[in-house]
Structure formats: structure tokens, C-alpha cells
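Coordinates from work.txt are shown below (compact mmCIF, C-alpha atoms).
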```txt
# COMPACT_ATOMS: atom_id res chain seq x y z
CA MET W 1 20.54 -191.43 -67.69
CA LEU W 2 23.23 -193.66 -69.23
CA PRO W 3 26.33 -194.49 -67.13
CA TRP W 4 28.67 -192.42 -69.30
CA ASP W 5 26.22 -189.50 -69.22
CA ARG W 6 26.25 -189.70 -65.43
CA LEU W 7 30.04 -189.75 -65.40
CA GLY W 8 30.15 -186.75 -67.74
CA THR W 9 27.68 -184.87 -65.56
CA ILE W 10 29.70 -185.51 -62.40
CA THR W 11 33.03 -184.46 -63.89
CA GLY W 12 31.69 -181.87 -66.30
CA GLY W 13 31.04 -182.95 -69.89
CA ARG W 14 33.09 -180.18 -71.47
CA THR W 15 35.96 -180.86 -69.08
CA VAL W 16 36.04 -184.52 -70.15
CA ILE W 17 36.17 -183.54 -73.85
CA LEU W 18 38.97 -181.02 -73.29
CA ALA W 19 40.87 -183.56 -71.16
CA LEU W 20 40.60 -186.16 -73.93
CA GLY W 21 41.93 -183.61 -76.42
CA VAL W 22 44.89 -182.79 -74.20
CA LEU W 23 45.46 -186.52 -73.59
CA TYR W 24 45.77 -187.33 -77.30
CA LEU W 25 48.05 -184.37 -77.90
CA ALA W 26 50.24 -185.61 -75.04
CA LEU W 27 50.16 -189.14 -76.44
CA ALA W 28 51.25 -187.82 -79.83
CA VAL W 29 54.29 -186.21 -78.21
CA THR W 30 54.96 -189.30 -76.09
CA TRP W 31 54.75 -191.59 -79.11
CA VAL W 32 57.76 -189.94 -80.69
CA SER W 33 59.96 -190.87 -77.73
CA LEU W 34 58.81 -194.48 -77.39
CA PRO W 35 61.42 -197.16 -78.32
CA ILE W 36 58.90 -198.80 -80.66
CA ALA W 37 58.68 -195.60 -82.70
CA GLN W 38 62.43 -195.48 -83.19
CA GLU W 39 62.20 -198.55 -85.41
CA LEU W 40 60.27 -196.46 -87.98
CA SER W 41 61.51 -193.87 -90.39
CA LEU W 42 61.26 -190.21 -89.49
CA SER W 43 58.46 -189.63 -91.98
CA SER W 44 56.47 -192.57 -90.56
CA ILE W 45 56.98 -191.29 -87.03
CA LEU W 46 55.67 -187.83 -88.03
CA ILE W 47 52.69 -189.28 -89.90
CA VAL W 48 51.65 -191.51 -87.00
CA SER W 49 52.21 -188.68 -84.53
CA SER W 50 50.04 -186.32 -86.59
CA PHE W 51 47.29 -188.96 -86.83
CA ILE W 52 47.35 -189.32 -83.04
CA ALA W 53 47.42 -185.54 -82.50
CA GLY W 54 44.61 -184.92 -85.05
CA PRO W 55 41.79 -186.32 -82.88
CA GLY W 56 43.24 -184.42 -79.92
CA LEU W 57 43.03 -181.14 -81.85
CA VAL W 58 39.48 -181.95 -82.96
CA LEU W 59 38.37 -182.72 -79.40
CA LEU W 60 40.21 -179.73 -77.95
CA GLY W 61 38.77 -177.35 -80.55
CA GLY W 62 35.29 -178.83 -80.29
CA GLY W 63 35.28 -178.67 -76.51
CA TYR W 64 36.51 -175.08 -76.58
CA ARG W 65 33.76 -174.03 -79.03
CA LEU W 66 30.90 -175.81 -77.26
CA PRO W 67 29.63 -172.65 -75.46
CA GLN W 68 29.32 -170.96 -78.86
CA THR W 69 26.95 -173.65 -80.17
CA ASP W 70 23.20 -173.95 -79.49
CA ILE W 71 23.72 -177.08 -77.36
CA HIS W 72 22.51 -176.71 -73.79
CA PRO W 73 25.36 -177.13 -71.23
CA ARG W 74 23.47 -179.89 -69.43
CA PHE W 75 23.96 -182.07 -72.55
CA TYR W 76 27.74 -181.61 -72.89
CA ALA W 77 27.93 -184.84 -70.89
CA THR W 78 26.16 -186.64 -73.75
CA ILE W 79 28.98 -185.69 -76.13
CA ALA W 80 31.64 -186.68 -73.63
CA GLY W 81 29.84 -189.96 -73.01
CA TRP W 82 29.79 -190.85 -76.70
CA CYS W 83 33.53 -190.05 -76.95
CA LEU W 84 34.19 -192.47 -74.13
CA VAL W 85 31.88 -195.05 -75.72
CA GLY W 86 33.82 -194.76 -78.98
CA ILE W 87 37.13 -195.30 -77.21
CA GLY W 88 35.77 -198.17 -75.10
CA ALA W 89 34.19 -199.90 -78.08
CA MET W 90 37.43 -199.72 -80.08
CA LEU W 91 39.47 -201.06 -77.16
CA ALA W 92 37.03 -203.97 -76.84
CA ILE W 93 37.32 -204.72 -80.57
CA LEU W 94 41.13 -204.69 -80.43
CA ALA W 95 41.14 -206.91 -77.34
CA LEU W 96 38.87 -209.45 -79.02
CA TYR W 97 41.07 -209.37 -82.12
CA ASN W 98 44.13 -210.19 -80.06
CA LEU W 99 42.36 -213.07 -78.34
CA GLN W 100 41.38 -214.81 -81.54
CA PRO W 101 43.77 -217.35 -83.20
CA GLY W 102 45.87 -215.94 -85.96
CA PRO W 103 48.40 -213.20 -86.49
CA ALA W 104 48.56 -210.52 -83.77
CA LEU W 105 48.78 -206.79 -84.33
CA ALA W 106 52.18 -205.80 -85.63
CA ASN W 107 52.29 -202.66 -83.46
CA PRO W 108 49.60 -202.83 -80.75
CA VAL W 109 50.46 -199.45 -79.17
CA ARG W 110 50.27 -197.62 -82.46
CA SER W 111 47.01 -199.37 -83.37
CA VAL W 112 45.45 -198.53 -80.02
CA LEU W 113 46.48 -194.87 -80.20
CA LEU W 114 45.35 -194.39 -83.81
CA LEU W 115 42.09 -196.32 -83.72
CA THR W 116 40.88 -195.06 -80.35
CA GLY W 117 41.66 -191.51 -81.46
CA PHE W 118 39.56 -191.92 -84.61
CA SER W 119 36.76 -193.61 -82.68
CA SER W 120 36.73 -190.77 -80.12
CA VAL W 121 36.19 -188.27 -82.96
CA ALA W 122 33.41 -190.46 -84.35
CA GLY W 123 31.88 -190.54 -80.87
CA TYR W 124 32.16 -186.74 -80.70
CA GLY W 125 30.17 -186.47 -83.94
CA VAL W 126 27.46 -188.87 -82.82
CA GLY W 127 27.35 -187.24 -79.39
CA THR W 128 26.99 -183.76 -80.90
CA TYR W 129 24.02 -184.89 -82.96
CA ALA W 130 22.44 -186.58 -79.91
CA ALA W 131 23.06 -183.50 -77.73
CA GLN W 132 21.45 -181.22 -80.32
CA ALA W 133 18.40 -183.48 -80.45
CA LYS W 134 18.17 -183.51 -76.64
CA THR W 135 18.58 -179.73 -76.54
CA HIS W 136 15.77 -179.29 -79.05
CA ALA W 137 13.50 -181.64 -77.08
CA TYR W 138 14.41 -179.95 -73.79
CA ARG W 139 13.60 -176.48 -75.13
CA LEU W 140 10.34 -177.67 -76.64
CA GLU W 141 9.40 -179.22 -73.30
CA ARG W 142 10.21 -175.99 -71.48
CA GLN W 143 8.20 -173.96 -74.01
CA ASN W 144 5.27 -176.34 -73.63
CA ARG W 145 5.41 -176.05 -69.86
CA LEU W 146 5.59 -172.26 -70.15
CA LEU W 147 2.64 -172.22 -72.56
CA GLU W 148 0.63 -174.50 -70.28
CA ARG W 149 1.41 -172.31 -67.27
CA THR W 150 0.56 -169.14 -69.23
CA GLN W 151 -2.66 -170.70 -70.52
CA ALA W 152 -3.64 -171.72 -66.99
CA GLN W 153 -2.95 -168.20 -65.75
CA LEU W 154 -4.97 -166.67 -68.59
CA GLU W 155 -7.86 -169.03 -67.96
CA ALA W 156 -7.82 -168.18 -64.27
CA SER W 157 -7.63 -164.48 -65.08
CA ASN W 158 -10.50 -164.72 -67.56
CA GLU W 159 -12.57 -166.64 -65.05
CA ARG W 160 -11.97 -163.96 -62.41
CA LEU W 161 -12.85 -161.23 -64.91
CA GLU W 162 -16.03 -163.06 -65.90
CA GLN W 163 -16.99 -163.46 -62.25
CA PHE W 164 -16.30 -159.78 -61.63
CA ALA W 165 -18.27 -158.68 -64.69
CA TYR W 166 -21.20 -160.87 -63.70
CA ALA W 167 -21.15 -159.70 -60.08
CA ALA W 168 -20.77 -156.05 -61.03
CA SER W 169 -23.52 -156.22 -63.65
CA HIS W 170 -25.87 -158.12 -61.37
CA ASP W 171 -25.26 -155.88 -58.36
CA LEU W 172 -25.68 -152.69 -60.40
CA GLN W 173 -29.09 -153.64 -61.71
CA GLU W 174 -31.02 -153.16 -58.47
CA PRO W 175 -29.84 -149.60 -57.62
CA LEU W 176 -30.21 -148.58 -61.26
CA ARG W 177 -33.72 -150.01 -61.35
CA MET W 178 -34.53 -147.93 -58.26
CA VAL W 179 -33.10 -144.77 -59.82
CA THR W 180 -35.09 -145.30 -63.02
CA SER W 181 -38.29 -146.02 -61.09
CA TYR W 182 -38.00 -142.83 -59.02
CA LEU W 183 -37.20 -140.73 -62.07
CA GLN W 184 -40.28 -142.09 -63.84
CA LEU W 185 -42.33 -141.50 -60.71
CA ILE W 186 -41.19 -137.85 -60.60
CA GLU W 187 -42.10 -137.49 -64.27
CA ARG W 188 -45.60 -138.88 -63.71
CA ARG W 189 -46.39 -136.95 -60.51
CA TYR W 190 -44.71 -133.65 -61.09
CA GLY W 191 -44.31 -133.52 -64.87
CA ASP W 192 -46.98 -130.81 -65.23
CA GLU W 193 -45.26 -128.62 -62.63
CA LEU W 194 -41.82 -128.68 -64.26
CA ASP W 195 -40.69 -125.99 -66.63
CA GLU W 196 -39.37 -126.83 -70.08
CA ASP W 197 -35.71 -127.07 -69.01
CA ALA W 198 -36.45 -129.28 -66.02
CA ASP W 199 -38.61 -131.56 -68.15
CA GLU W 200 -35.77 -131.82 -70.69
CA PHE W 201 -33.21 -132.60 -67.98
CA LEU W 202 -35.48 -135.25 -66.50
CA GLY W 203 -35.87 -136.81 -69.95
CA TYR W 204 -32.07 -136.95 -70.30
CA ALA W 205 -31.78 -138.65 -66.90
CA ILE W 206 -34.42 -141.27 -67.73
CA ASP W 207 -32.89 -141.91 -71.15
CA GLY W 208 -29.41 -142.25 -69.58
CA SER W 209 -30.64 -144.71 -66.97
CA GLU W 210 -32.38 -146.79 -69.65
CA ARG W 211 -29.21 -146.89 -71.73
CA MET W 212 -27.22 -147.84 -68.65
CA ARG W 213 -29.67 -150.67 -67.96
CA ALA W 214 -29.29 -151.94 -71.54
CA MET W 215 -25.49 -151.82 -71.26
CA ILE W 216 -25.51 -153.68 -67.96
CA GLU W 217 -27.80 -156.37 -69.37
CA GLY W 218 -25.52 -156.67 -72.41
CA LEU W 219 -22.42 -156.95 -70.22
CA LEU W 220 -24.19 -159.53 -68.07
CA GLU W 221 -25.03 -161.58 -71.18
CA TYR W 222 -21.43 -161.21 -72.43
CA SER W 223 -19.99 -162.49 -69.14
CA ARG W 224 -22.32 -165.50 -69.14
CA VAL W 225 -21.34 -166.91 -72.56
CA ASP W 226 -18.90 -169.46 -71.14
CA THR W 227 -20.14 -169.85 -67.59
CA ARG W 228 -23.89 -170.06 -68.24
CA GLY W 229 -23.87 -171.60 -71.71
CA LYS W 230 -25.62 -174.92 -72.27
CA SER W 231 -23.88 -178.04 -73.56
CA LEU W 232 -23.25 -178.17 -77.31
CA GLU W 233 -25.50 -180.51 -79.26
CA PRO W 234 -26.71 -180.94 -82.87
CA VAL W 235 -28.79 -177.93 -83.92
CA ALA W 236 -30.67 -177.18 -87.16
CA LEU W 237 -29.76 -173.62 -88.11
CA ASP W 238 -32.89 -173.33 -90.27
CA GLU W 239 -35.00 -173.75 -87.13
CA VAL W 240 -32.89 -171.22 -85.23
CA LEU W 241 -33.26 -168.65 -88.01
CA ALA W 242 -37.04 -169.24 -88.21
CA THR W 243 -37.33 -168.52 -84.49
CA VAL W 244 -35.27 -165.32 -84.82
CA ARG W 245 -37.42 -164.11 -87.73
CA LYS W 246 -40.49 -164.66 -85.60
CA ASP W 247 -38.93 -162.72 -82.71
CA LEU W 248 -38.14 -159.81 -85.06
CA GLU W 249 -41.40 -160.06 -87.02
CA LEU W 250 -42.75 -156.67 -85.92
CA ARG W 251 -39.49 -154.86 -86.62
CA LEU W 252 -39.12 -156.58 -89.99
CA THR W 253 -42.59 -155.43 -90.95
CA GLU W 254 -42.10 -151.86 -89.72
CA THR W 255 -38.83 -151.47 -91.65
CA ASP W 256 -40.05 -153.34 -94.77
CA THR W 257 -37.05 -155.69 -94.46
CA THR W 258 -36.55 -158.43 -97.04
CA ILE W 259 -34.61 -161.55 -96.02
CA GLU W 260 -33.47 -164.12 -98.56
CA THR W 261 -31.93 -167.31 -97.23
CA GLU W 262 -30.51 -170.56 -98.52
CA GLU W 263 -30.96 -173.90 -96.79
CA LEU W 264 -28.71 -173.81 -93.75
CA PRO W 265 -26.75 -176.81 -92.44
CA ARG W 266 -26.87 -178.41 -89.03
CA THR W 267 -24.16 -177.62 -86.52
CA VAL W 268 -23.09 -178.50 -82.99
CA GLY W 269 -23.91 -175.67 -80.66
CA ASP W 270 -25.90 -173.97 -77.94
CA LYS W 271 -29.30 -173.26 -79.50
CA ARG W 272 -30.01 -170.25 -77.29
CA GLN W 273 -26.65 -168.64 -78.02
CA LEU W 274 -26.94 -169.29 -81.77
CA ARG W 275 -30.35 -167.62 -81.64
CA GLN W 276 -28.71 -164.61 -79.98
CA LEU W 277 -25.99 -164.62 -82.66
CA PHE W 278 -28.47 -164.46 -85.56
CA GLN W 279 -30.64 -161.92 -83.77
CA ASN W 280 -27.71 -159.56 -83.21
CA LEU W 281 -26.49 -159.82 -86.81
CA LEU W 282 -29.96 -159.30 -88.30
CA SER W 283 -30.67 -156.40 -85.93
CA ASN W 284 -27.40 -154.75 -86.97
CA ALA W 285 -28.24 -155.22 -90.64
CA ILE W 286 -31.59 -153.51 -90.09
CA GLU W 287 -30.15 -150.73 -87.91
CA TYR W 288 -27.43 -149.77 -90.39
CA SER W 289 -29.46 -150.16 -93.58
CA GLY W 290 -29.33 -146.47 -94.47
CA ASP W 291 -32.28 -144.75 -96.15
CA GLU W 292 -33.40 -147.74 -98.23
CA PRO W 293 -35.47 -150.66 -96.87
CA PRO W 294 -33.09 -153.33 -95.57
CA ARG W 295 -32.20 -156.20 -97.90
CA ILE W 296 -30.53 -159.16 -96.18
CA SER W 297 -29.31 -162.42 -97.71
CA ILE W 298 -28.12 -165.42 -95.69
CA SER W 299 -26.00 -168.12 -97.34
CA ALA W 300 -23.97 -171.13 -96.24
CA LYS W 301 -20.92 -173.05 -97.42
CA ARG W 302 -20.02 -176.42 -95.99
CA SER W 303 -16.81 -178.44 -95.90
CA ALA W 304 -16.03 -181.76 -94.27
CA ASP W 305 -15.64 -180.41 -90.75
CA GLU W 306 -17.12 -176.91 -90.69
CA CYS W 307 -19.77 -174.70 -92.19
CA ILE W 308 -19.46 -170.98 -92.94
CA ILE W 309 -22.57 -168.83 -92.62
CA SER W 310 -22.65 -165.39 -94.26
CA VAL W 311 -25.13 -162.60 -93.52
CA ARG W 312 -25.00 -159.91 -96.19
CA ASP W 313 -26.78 -156.56 -96.12
CA THR W 314 -26.99 -153.58 -98.48
CA GLY W 315 -26.48 -150.97 -95.78
CA ILE W 316 -24.00 -148.17 -95.16
CA GLY W 317 -20.94 -150.44 -94.87
CA ILE W 318 -17.91 -150.24 -92.59
CA ASP W 319 -14.58 -148.55 -93.16
CA PRO W 320 -11.71 -151.12 -93.42
CA ALA W 321 -9.85 -149.36 -90.58
CA ASP W 322 -12.76 -150.08 -88.21
CA GLN W 323 -13.50 -153.69 -89.18
CA ASP W 324 -11.47 -155.24 -86.34
CA ARG W 325 -12.56 -152.70 -83.73
CA ILE W 326 -16.27 -153.43 -84.10
CA PHE W 327 -15.86 -156.81 -82.38
CA GLU W 328 -14.54 -155.20 -79.17
CA VAL W 329 -16.75 -154.42 -76.18
CA PHE W 330 -18.34 -150.93 -76.09
CA GLN W 331 -16.89 -149.94 -79.46
CA ARG W 332 -19.31 -147.81 -81.49
CA LEU W 333 -18.73 -146.31 -84.93
CA HIS W 334 -21.68 -143.92 -84.75
CA THR W 335 -23.07 -141.54 -82.14
CA ARG W 336 -26.17 -142.42 -80.12
CA GLU W 337 -28.03 -139.66 -81.97
CA GLU W 338 -27.39 -141.50 -85.25
CA THR W 339 -28.07 -145.09 -84.14
CA SER W 340 -29.18 -146.95 -81.02
CA GLY W 341 -27.31 -149.82 -79.41
CA THR W 342 -24.90 -150.54 -76.58
CA GLY W 343 -21.70 -151.44 -78.43
CA ILE W 344 -21.80 -154.99 -77.06
CA GLY W 345 -23.76 -156.83 -79.76
CA LEU W 346 -20.91 -157.76 -82.13
CA ALA W 347 -18.52 -158.44 -79.23
CA LEU W 348 -21.13 -160.88 -77.92
CA CYS W 349 -21.35 -162.48 -81.39
CA LYS W 350 -17.59 -163.00 -81.41
CA ARG W 351 -17.66 -164.51 -77.92
CA ILE W 352 -20.44 -166.93 -78.90
CA VAL W 353 -18.70 -168.02 -82.12
CA GLU W 354 -15.39 -168.54 -80.30
CA ARG W 355 -17.12 -170.64 -77.67
CA HIS W 356 -18.27 -172.88 -80.55
CA GLY W 357 -14.69 -173.18 -81.82
CA GLY W 358 -15.19 -170.87 -84.81
CA GLU W 359 -14.20 -167.45 -86.10
CA ILE W 360 -16.17 -164.38 -87.18
CA TRP W 361 -15.12 -161.68 -89.63
CA VAL W 362 -16.56 -158.96 -91.83
CA ASP W 363 -16.02 -157.93 -95.45
CA SER W 364 -17.33 -154.48 -96.17
CA THR W 365 -16.98 -151.40 -98.32
CA PRO W 366 -18.42 -148.05 -97.17
CA GLY W 367 -21.66 -147.41 -99.02
CA ASP W 368 -21.83 -150.94 -100.44
CA GLY W 369 -23.08 -153.02 -97.51
CA SER W 370 -21.40 -155.57 -95.25
CA THR W 371 -21.05 -159.35 -95.15
CA PHE W 372 -20.59 -160.88 -91.71
CA SER W 373 -19.32 -164.47 -91.91
CA PHE W 374 -18.71 -166.97 -89.16
CA SER W 375 -17.62 -170.60 -88.99
CA LEU W 376 -19.23 -173.34 -86.93
CA PRO W 377 -18.54 -177.08 -86.60
CA ALA W 378 -20.46 -179.19 -89.11
CA VAL W 379 -22.63 -182.19 -88.27
CA THR W 380 -22.25 -185.20 -90.56
CA ASP W 381 -25.23 -187.21 -89.41
CA ARG W 382 -28.69 -186.37 -90.75
CA PRO W 383 -31.86 -186.42 -88.70
CA GLN W 384 -34.03 -189.52 -89.08
```
Could you rewrite the structure in this file as C-alpha cells?
Amino acid sequence: MLPWDRLGTITGGRTVILALGVLYLALAVTWVSLPIAQELSLSSILIVSSFIAGPGLVLLGGGYRLPQTDIHPRFYATIAGWCLVGIGAMLAILALYNLQPGPALANPVRSVLLLTGFSSVAGYGVGTYAAQAKTHAYRLERQNRLLERTQAQLEASNERLEQFAYAASHDLQEPLRMVTSYLQLIERRYGDELDEDADEFLGYAIDGSERMRAMIEGLLEYSRVDTRGKSLEPVALDEVLATVRKDLELRLTETDTTIETEELPRTVGDKRQLRQLFQNLLSNAIEYSGDEPPRISISAKRSADECIISVRDTGIGIDPADQDRIFEVFQRLHTREETSGTGIGLALCKRIVERHGGEIWVDSTPGDGSTFSFSLPAVTDRPQ
């Protein structure tokens, strides 16, 4: 902090400005009664007096209006400091002028009052600009600190939620596995002794436990995206897609699915998670293909720093009102009687893409298929 800023802070920056304004108004009145002023004509006296009072009015009005400006009160001292600097600098200049050989000032008092008044106004202008800049920097710093604190809190909250989801999912698996095993055991041992209603109820219970197991496994996978993901390294997406097609080979054959694909670029990512990403998108395209055999096309666009992969199908499409909701956990657009699934697949895709620093979105028209696109970081080097 500069010395004049410290002085302004101790005495109150706005108080110093108002005091300077009052001082110059008082000096304007005092000037009229000084013997040296009596040597001038009345008009000259009034002109000089008004020039002395002018800076006082400016400082008094400016100091009064300071709370109405966007300047933070802690920086009023900066304005006051620059006013004092202006006055001090002018006094130093006048003193040096008087010390040099040559003609002296004809009316030193008048010169001091006029020139220091003007320099105080100039200092007020410079100080106001400096105070506004400091206010802007101060508020930006506070906002940055608030954002950093909020981000830290969100990260801690997300970490706790992930830990909870993982613990809950993991701990629920064992009792659910036991329930499912005993239900299946009852079905095997006593299935012939059950009437039609009991057999139907038992089937509902087994089906419900299986769906619960699938949901828990999906939630467990969702919670592990950040905590259990591998380090990101160069990956050939063509190889990832080939592996996924092999994993889904039986389903592709059974559904008579056709997949057309362009050459895909290399990216920086977690190979296992990218495999999960493609598998979920292709499985969705097959699941929601409608009555016709699924037709899927995979294309890629590349820029300097990212690549955009698009997976297009010719299925039933998605209503525009639901296109944001599908990426949320446990959000389903169709009943379980219509389609299978847990409602976690697309949410998991979004989580994986975001972990890779990208975005995922869908363009779709009901009855005209869907195009799921996602961005990933591009790799500039080529394999040897």
C-alpha cells in the first residue's frame, strides 16, 4: 500500500476528499479578504475566487456522490491519495520554480491556490480511474475465490456421493444375490407343486430381482467412472469399435443388424470406458430400431484439437422434449414391457464422455431415427 493510500485509509478516504473540498471553498472566501487581493479589480477578485472555489465544489460533490458509484469503499483512500499527490506535486513544482534564477511568481499565494486546486481535481480524476480498476480486480478476485470454494465443495460432495453409490451398490449385491438364489431354488424344487397364480407371482419376483441386480450393476459402473477409470492414453477408435462388434456379434446376427462405419480417428482416452461407450450406443440403436432390421452408420469429423463421432440409426427416434432427459440416471422413455434396459446406459455414456473432456448430444426426429454425437480429444501423432 502506498503512503498516501495508508493515510487515506487511516483517516477515511471519503473524509479526506470532503475535507479538501471544504478547504478550497474556505480558501476561496479567505482569498477575498487578503490584502494582496485588494490590489486587484473586483472582477479579477471574483474570477480568482471562483477558480479557487471550483475545485472545492468538484471535490465536495465527488466525495458526496462516492457511495452512489460502483467504487468499493475500501478504495476511496486511493482517490484521496491521488488528490494529495496532485497537490504535493504542484507545490514541489512551484517551490523548484521559485528556487531557480530568474523572475519570481508575481503573486505566489494566488498561484499556489489556483494551481494546487486544479492539480487536486486532476488527482481526483486519476484516483477515480485507479479506484475503479482496483474495485474491478477486487471483485474478480472475490468471485474467483468464491468459485474455487464452490468448486471444491462440489468436488467433495460428488466424491462423497460416488463413495456412497459405490458402497450402497456393492453392499446390496450380496443380499440380492441370496434372494435371487432362493427364489430360483424354490422354482426348481417346488415349481411343479405351485398353482398357476403362485408360479406367476414367483416369476414376477425372480424377474424383479434380476432387474434390480442389473440396475445395481449399472449404478456401480456409473459410480466408478471417475474413481476406477484408468489413465488416459492414445487409443485407436477403430480397434475399440472392432472389439465391441465382436462382443455384440451374436446379437447383431440375431437382429440382422447392418453397421456401416468410416475410418475413425485416434483419441486420448480410457480404452475400457470407450468400449463401454460404443457398446451402450450400439445396443440402444438395436433396441430401439422398431420393426425393421437395425441400420447403423458411424462417422467421424476431426478438427485440430478434437474429433466428433456420430452414431446414427434408423429407429423410432426421440421426441425433442425428451432429448435432454435421456442422459439422466434412471430416466426411461418406454415401459419395461416395451423395451428392456435399466435407464443408466446413456447416463453412463455422458459420464464417460465428460471424463474425457467432451460433450454428448442427440439429434432426433420421432419416426426418423436418432444421431448420437460425442466429442473426444484428438491425437496428432500417428502410430509408427
Nearest candidate to Gly358 of chain W (options W:Val244, W:Ile286, W:Leu376, W:Ile79; using only C-alpha atoms):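 Among the listed residues, W:Leu376 lies closest to Gly358 of chain W.
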Straight-line distance linking atom CA of Arg351 of chain W with atom CA of Val225 of chain W, stated in Å to one decimal: 6.9 Å
Computed interatomic separation between atom CA of Ser289 of chain W and atom CA of Asp313 of chain W (Å):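 Those two atoms sit 7.4 Å apart.
Considering all atoms listed in the file, the residue among W:Ser283, W:Thr257, W:Ser33, W:Ser299 positioned nearest to Ile45 of chain W is W:Ser33.
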Best match for closeness to Glu359 of chain W among W:Leu140, W:Ala198, W:Ile308, W:Met212, counting all atoms listed in the file: W:Ile308
Pick from W:Leu176, W:Leu185, W:Ile326, W:Ala122 nearest to Arg211 of chain W, counting all atoms listed in the file: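 Ranked by minimum distance to Arg211 of chain W, first place goes to W:Leu176.
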Nearest-residue call for Cys307 of chain W, choices W:Asn107, W:Thr180, W:Thr128, W:Thr267, using all atoms listed in the file: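 Under the stated criterion, the closest residue is W:Thr267.
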Residues within 10 Å of (20.8, -173.7, -79.1), file coords, only C-alpha atoms, listed as a PyMOL selection string: chain W and resi 67-73+132+135-136+139
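Proximity to Val29 of chain W was assessed for W:Gly56, W:Pro265, W:Gly345, W:Pro293 counting only C-alpha atoms; the smallest distance is recorded for W:Gly56.
Between atom CA of Leu274 of chain W and atom CA of Asp305 of chain W the interatomic distance comes to 18.2 Å.
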9 Å contact set for Thr261 of chain W, only C-alpha atoms, chain neighbours under 2 positions out, as an MDAnalysis selection string: chainID W and resid 259 263:264 296:300
Contact residues around Asn280 of chain W with only C-alpha atoms at 8 Å, ignoring same-chain residues under 4 positions, as a PyMOL selection string: chain W and resi 276+284+345-346+349
Could you save those same residues with C-alpha atoms as a tab-separated table (two decimals), in the frame of the given file?
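The result, written out as selection19.tsv:
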```
chain	number	residue	atom	x	y	z
W	276	GLN	CA	-28.71	-164.61	-79.98
W	284	ASN	CA	-27.40	-154.75	-86.97
W	345	GLY	CA	-23.76	-156.83	-79.76
W	346	LEU	CA	-20.91	-157.76	-82.13
W	349	CYS	CA	-21.35	-162.48	-81.39
```
